[in-house]
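Asker: Provided herewith is a single structure, encoded as structure tokens, for subsequent inquiry.
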Amino acid sequence: MQEALNSLHQEATTELETVTSSDALREWELKYLGKQGAVTKLMRGVGGLPSEERAAFGKRANEVKTALAESYSARETVIKAQELARDLSQGQIDITLAGRPLSVGGLHPSTQTLRRYREIWAEMGFQVFRSREVEDDDTNFTLLNMPPHHPARDMQDTFYTTTPNVILRTHTSPGQIRSMRALGADGTQPIRVILPGMCYRFEQITTRSEIQFHQVEGVAVGRGIRMTDLKGTIAEFARRMYGDNAQVRFRASYFPFTEPSIEVDVECFLCEGSGCRVCKYAGWLEIAGAGMMHPVVLRNGGYDPSVWSGFAFGMGPERVTMLMHDIQDIRYFWGNDLRFLEQF
Ligand code: PHE
């Protein structure tokens with residue numbers, strides 16, 4: 001038995017010298033020192049020995065086991081060091097190599113147009129007023145001179161919610177009421193704001209109409225504001241947006257919250273009025289609905305309409321953006337298709 005122990009010691013030690021990796025080392029450990037290992041198995045045989053030999057055998061077996069465990073950890077230290085050295089040399093990176101290009105995000109075409117609008121209106125003295133997208137029916141309609149069952153409500157198909165009176169705004173005009181109430185100091189201060197933001201209508205989605213779209217509302221309230229101020233302001237905006245030669249025209253129209261009401265066209269910036277596919281050979285493009293604020297609306301905003309007057313307008317940036325970039329289908333705007341978005 002002692003013989004077997006000694007030759008096992010010899011065999012294990014020799015084999016350990018050929019072990020060069022952590023994996024092989026783990027196998028070696030299992031083979032000799034593990035629960036099913038050769039040394040353990042030999043030690044179990046101690047019961048079969050004559051009693052006078054047992055003590056000596058047990059002592060020797062423990063010596064072998066300890067010696068092998070020490071050799072094991074010495075070998076482990078060497079292998080770990082080798083492997084670390086190898087990892088360090090193989091894992092070296094060439095910091096002089098060119099990096100991978102990062103893809104840089106761009107601005108959505110609507111955002112670009114909105115920013116330009118905002119810039120121009122800021123230059124002209126209009127500050128941004130943020131108004132809510134989730135509105136109440138009163139502010140979206142009733143306070144804008146469209147009481148329940150008013151036929152003009154049908155012009156704007158509405159997203160209702162399960163909460164009574166809570167809707168998604170169908171236009172930015174409810175912001176007229178909110179901005180007057182927030183900034184007018186009970187009808188004592190003039191205001192001049194734009195209200196950009198998303199609007200929602202429960203419409204059939206087609207190439208030309210979406211259930212969501214931006215509007216930029218403008219509101220100016222003061223003493224002695226007249227229709228000529230509205231016309232001059234819009235014409236100035238058009239010149240700054242579409243160039244010094246931009247011509248505008250005003251057509252009589254109808255909105256319940258303005259009186260008189262107009263629609264504004266700008267001469268087509270592609271064909272300069274001679275007619276092309278974009279303007280449908282009309283030479284003109286519609287850019288806004290507008291008008292003098294209705295006395296009922298001014299009163300709902302806290303102003304005395306016999307003293308104060310004002311104008312309001314609403315513009316839709318998506319349509320203009322489509323024309324500028326020759327975008328054929330409005331559904332691209334909210335389709336989240338990078339192939340579209342990356343073009344801007
Ligand atoms: N809110 C109107 C629309 O959505 C546009 C508008 C705004 C008209 C302000 C007049 C004054 O069509």
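Residues in the structure tokens are named by chain (A, B, ... in the order shown) and by number from 1 within that chain; ligands are numbered from 1 in the order shown.
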Going by DSSP on the backbone, which residues of region 66-310 of chain A come out as alpha helix (DSSP H)? List them as a PyMOL selection string.

Answerer: chain A and resi 66-90+109-123+137-140+174-183+227-242+295-300

Asker: From a backbone DSSP assignment, name each residue in region 217-291 of chain A labelled strand (DSSP E or B), as a VMD selection string.

Answerer: chain A and resid 217 to 222 248 to 255 258 to 267 284 to 291

Asker: Tell me, as a ChimeraX atom specification, which residues lie within 9 Å of region 302-308 of chain A, counting only C-alpha atoms; anything in the same chain fewer than 4 positions away does not count.

Answerer: /A:177,180-181,184-188,190,221-225,294-298

Asker: Could you write those residues out with all heavy atoms, as a tab-separated table (two decimals), in the first residue's frame?

Answerer:
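Written file, part22.tsv:
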```
chain	number	residue	atom	x	y	z
A	177	ILE	N	-57.46	81.02	-25.19
A	177	ILE	CA	-58.11	81.24	-23.89
A	177	ILE	C	-57.08	81.11	-22.76
A	177	ILE	O	-56.97	81.97	-21.88
A	177	ILE	CB	-59.24	80.19	-23.66
A	177	ILE	CG1	-60.28	80.27	-24.79
A	177	ILE	CG2	-59.86	80.37	-22.29
A	177	ILE	CD1	-61.12	81.53	-24.78
A	180	MET	N	-54.52	84.03	-22.69
A	180	MET	CA	-55.13	85.28	-22.22
A	180	MET	C	-55.33	85.25	-20.72
A	180	MET	O	-55.04	86.22	-20.01
A	180	MET	CB	-56.47	85.53	-22.93
A	180	MET	CG	-56.34	86.00	-24.37
A	180	MET	SD	-57.92	86.54	-25.07
A	180	MET	CE	-58.75	84.98	-25.33
A	181	ARG	N	-55.81	84.10	-20.23
A	181	ARG	CA	-56.08	84.00	-18.79
A	181	ARG	C	-54.79	83.98	-17.98
A	181	ARG	O	-54.73	84.50	-16.87
A	181	ARG	CB	-56.91	82.76	-18.48
A	181	ARG	CG	-58.34	82.92	-18.99
A	181	ARG	CD	-59.20	81.72	-18.64
A	181	ARG	NE	-60.60	81.97	-19.01
A	181	ARG	CZ	-61.59	81.09	-18.85
A	181	ARG	NH1	-61.33	79.90	-18.34
A	181	ARG	NH2	-62.82	81.39	-19.20
A	184	GLY	N	-52.82	87.72	-19.25
A	184	GLY	CA	-53.54	88.99	-19.43
A	184	GLY	C	-53.80	89.76	-18.14
A	184	GLY	O	-54.26	90.90	-18.19
A	185	ALA	N	-53.49	89.13	-17.01
A	185	ALA	CA	-53.73	89.78	-15.70
A	185	ALA	C	-55.14	90.36	-15.63
A	185	ALA	O	-55.32	91.57	-15.48
A	185	ALA	CB	-52.65	90.84	-15.43
A	186	ASP	N	-56.09	89.45	-15.74
A	186	ASP	CA	-57.51	89.84	-15.69
A	186	ASP	C	-57.85	90.91	-16.72
A	186	ASP	O	-58.56	91.88	-16.42
A	186	ASP	CB	-57.89	90.33	-14.28
A	186	ASP	CG	-57.82	89.20	-13.28
A	186	ASP	OD1	-58.19	88.06	-13.65
A	186	ASP	OD2	-57.37	89.44	-12.15
A	187	GLY	N	-57.32	90.74	-17.90
A	187	GLY	CA	-57.69	91.65	-18.98
A	187	GLY	C	-57.10	93.04	-18.86
A	187	GLY	O	-57.67	94.00	-19.36
A	188	THR	N	-55.94	93.14	-18.21
A	188	THR	CA	-55.33	94.47	-18.07
A	188	THR	C	-54.01	94.61	-18.82
A	188	THR	O	-53.50	95.71	-18.95
A	188	THR	CB	-55.05	94.78	-16.58
A	188	THR	OG1	-54.12	93.81	-16.08
A	188	THR	CG2	-56.32	94.73	-15.75
A	190	PRO	N	-51.54	93.69	-22.33
A	190	PRO	CA	-51.49	93.18	-23.71
A	190	PRO	C	-50.67	91.89	-23.77
A	190	PRO	O	-49.80	91.68	-22.91
A	190	PRO	CB	-50.79	94.30	-24.48
A	190	PRO	CG	-49.97	95.00	-23.47
A	190	PRO	CD	-50.70	94.89	-22.16
A	221	VAL	N	-53.12	90.48	-28.36
A	221	VAL	CA	-54.22	91.24	-27.78
A	221	VAL	C	-53.67	92.58	-27.30
A	221	VAL	O	-52.61	92.62	-26.67
A	221	VAL	CB	-54.87	90.48	-26.60
A	221	VAL	CG1	-56.02	91.31	-26.01
A	221	VAL	CG2	-55.37	89.11	-27.03
A	222	GLY	N	-54.37	93.65	-27.64
A	222	GLY	CA	-53.92	94.97	-27.20
A	222	GLY	C	-55.03	95.98	-27.39
A	222	GLY	O	-56.18	95.62	-27.67
A	223	ARG	N	-54.68	97.26	-27.25
A	223	ARG	CA	-55.66	98.31	-27.52
A	223	ARG	C	-55.45	98.79	-28.94
A	223	ARG	O	-54.35	99.12	-29.33
A	223	ARG	CB	-55.47	99.46	-26.56
A	223	ARG	CG	-55.96	99.19	-25.17
A	223	ARG	CD	-55.66	100.39	-24.29
A	223	ARG	NE	-55.08	99.98	-23.03
A	223	ARG	CZ	-55.76	99.98	-21.87
A	223	ARG	NH1	-56.99	100.38	-21.83
A	223	ARG	NH2	-55.18	99.58	-20.77
A	224	GLY	N	-56.52	98.80	-29.71
A	224	GLY	CA	-56.43	99.35	-31.06
A	224	GLY	C	-55.76	98.43	-32.07
A	224	GLY	O	-55.24	98.89	-33.09
A	225	ILE	N	-55.71	97.13	-31.79
A	225	ILE	CA	-55.18	96.20	-32.81
A	225	ILE	C	-56.22	96.02	-33.90
A	225	ILE	O	-57.41	95.82	-33.61
A	225	ILE	CB	-54.80	94.84	-32.18
A	225	ILE	CG1	-53.59	95.01	-31.26
A	225	ILE	CG2	-54.51	93.81	-33.26
A	225	ILE	CD1	-53.08	93.71	-30.66
A	294	HIS	N	-62.85	87.12	-31.90
A	294	HIS	CA	-64.28	87.38	-31.69
A	294	HIS	C	-64.48	87.99	-30.28
A	294	HIS	O	-63.82	87.56	-29.33
A	294	HIS	CB	-65.05	86.07	-31.80
A	294	HIS	CG	-66.51	86.24	-31.98
A	294	HIS	ND1	-67.35	86.61	-30.95
A	294	HIS	CD2	-67.31	86.10	-33.07
A	294	HIS	CE1	-68.58	86.68	-31.40
A	294	HIS	NE2	-68.59	86.39	-32.69
A	295	PRO	N	-65.39	88.96	-30.15
A	295	PRO	CA	-65.63	89.56	-28.82
A	295	PRO	C	-65.95	88.53	-27.74
A	295	PRO	O	-65.50	88.68	-26.58
A	295	PRO	CB	-66.84	90.48	-29.06
A	295	PRO	CG	-66.81	90.78	-30.51
A	295	PRO	CD	-66.17	89.60	-31.20
A	296	VAL	N	-66.66	87.49	-28.10
A	296	VAL	CA	-66.98	86.44	-27.11
A	296	VAL	C	-65.70	85.78	-26.59
A	296	VAL	O	-65.55	85.50	-25.40
A	296	VAL	CB	-67.92	85.38	-27.76
A	296	VAL	CG1	-67.96	84.11	-26.92
A	296	VAL	CG2	-69.31	85.96	-27.95
A	297	VAL	N	-64.76	85.55	-27.50
A	297	VAL	CA	-63.49	84.91	-27.12
A	297	VAL	C	-62.67	85.84	-26.23
A	297	VAL	O	-62.12	85.42	-25.20
A	297	VAL	CB	-62.70	84.50	-28.38
A	297	VAL	CG1	-61.34	83.91	-28.00
A	297	VAL	CG2	-63.50	83.49	-29.20
A	298	LEU	N	-62.60	87.11	-26.62
A	298	LEU	CA	-61.86	88.08	-25.79
A	298	LEU	C	-62.44	88.13	-24.38
A	298	LEU	O	-61.72	88.13	-23.39
A	298	LEU	CB	-61.94	89.48	-26.43
A	298	LEU	CG	-61.01	89.72	-27.62
A	298	LEU	CD1	-61.37	91.04	-28.31
A	298	LEU	CD2	-59.55	89.74	-27.18
```

Asker: Smallest atom-to-atom distance to ligand 1: which of A:Phe311, A:Phe344, A:Tyr117, A:Phe269, using only C-alpha atoms and all ligand atoms?

Answerer: A:Phe311

Asker: For ligand 1, list the contacting residues at 8 Å or closer, counting only C-alpha atoms and all ligand atoms, as a PyMOL selection string.

Answerer: chain A and resi 156+170-173+215+217-219+255+257-258+261-263+288-293+311-315

Asker: Compare A:Lys59, A:Arg319, A:Arg201, A:Arg192 by their minimum atom-to-atom distance to Thr113 (chain A), counting only C-alpha atoms, and give me the closest one.

Answerer: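 Using only C-alpha atoms, the shortest distance to Thr113 (chain A) belongs to A:Arg319.
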
Asker: Using CA of Asp137 (chain A) and CA of Pro260 (chain A) as the two end points, give the distance in Å to one decimal.

Answerer: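 Result for CA of Asp137 (chain A) versus CA of Pro260 (chain A): 24.0 Å, one decimal.
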
Asker: Ranking A:Arg251, A:Asp154, A:Pro148, A:Glu318 by minimum distance to Phe213 (chain A) and counting only C-alpha atoms, which one comes first?

Answerer: A:Glu318
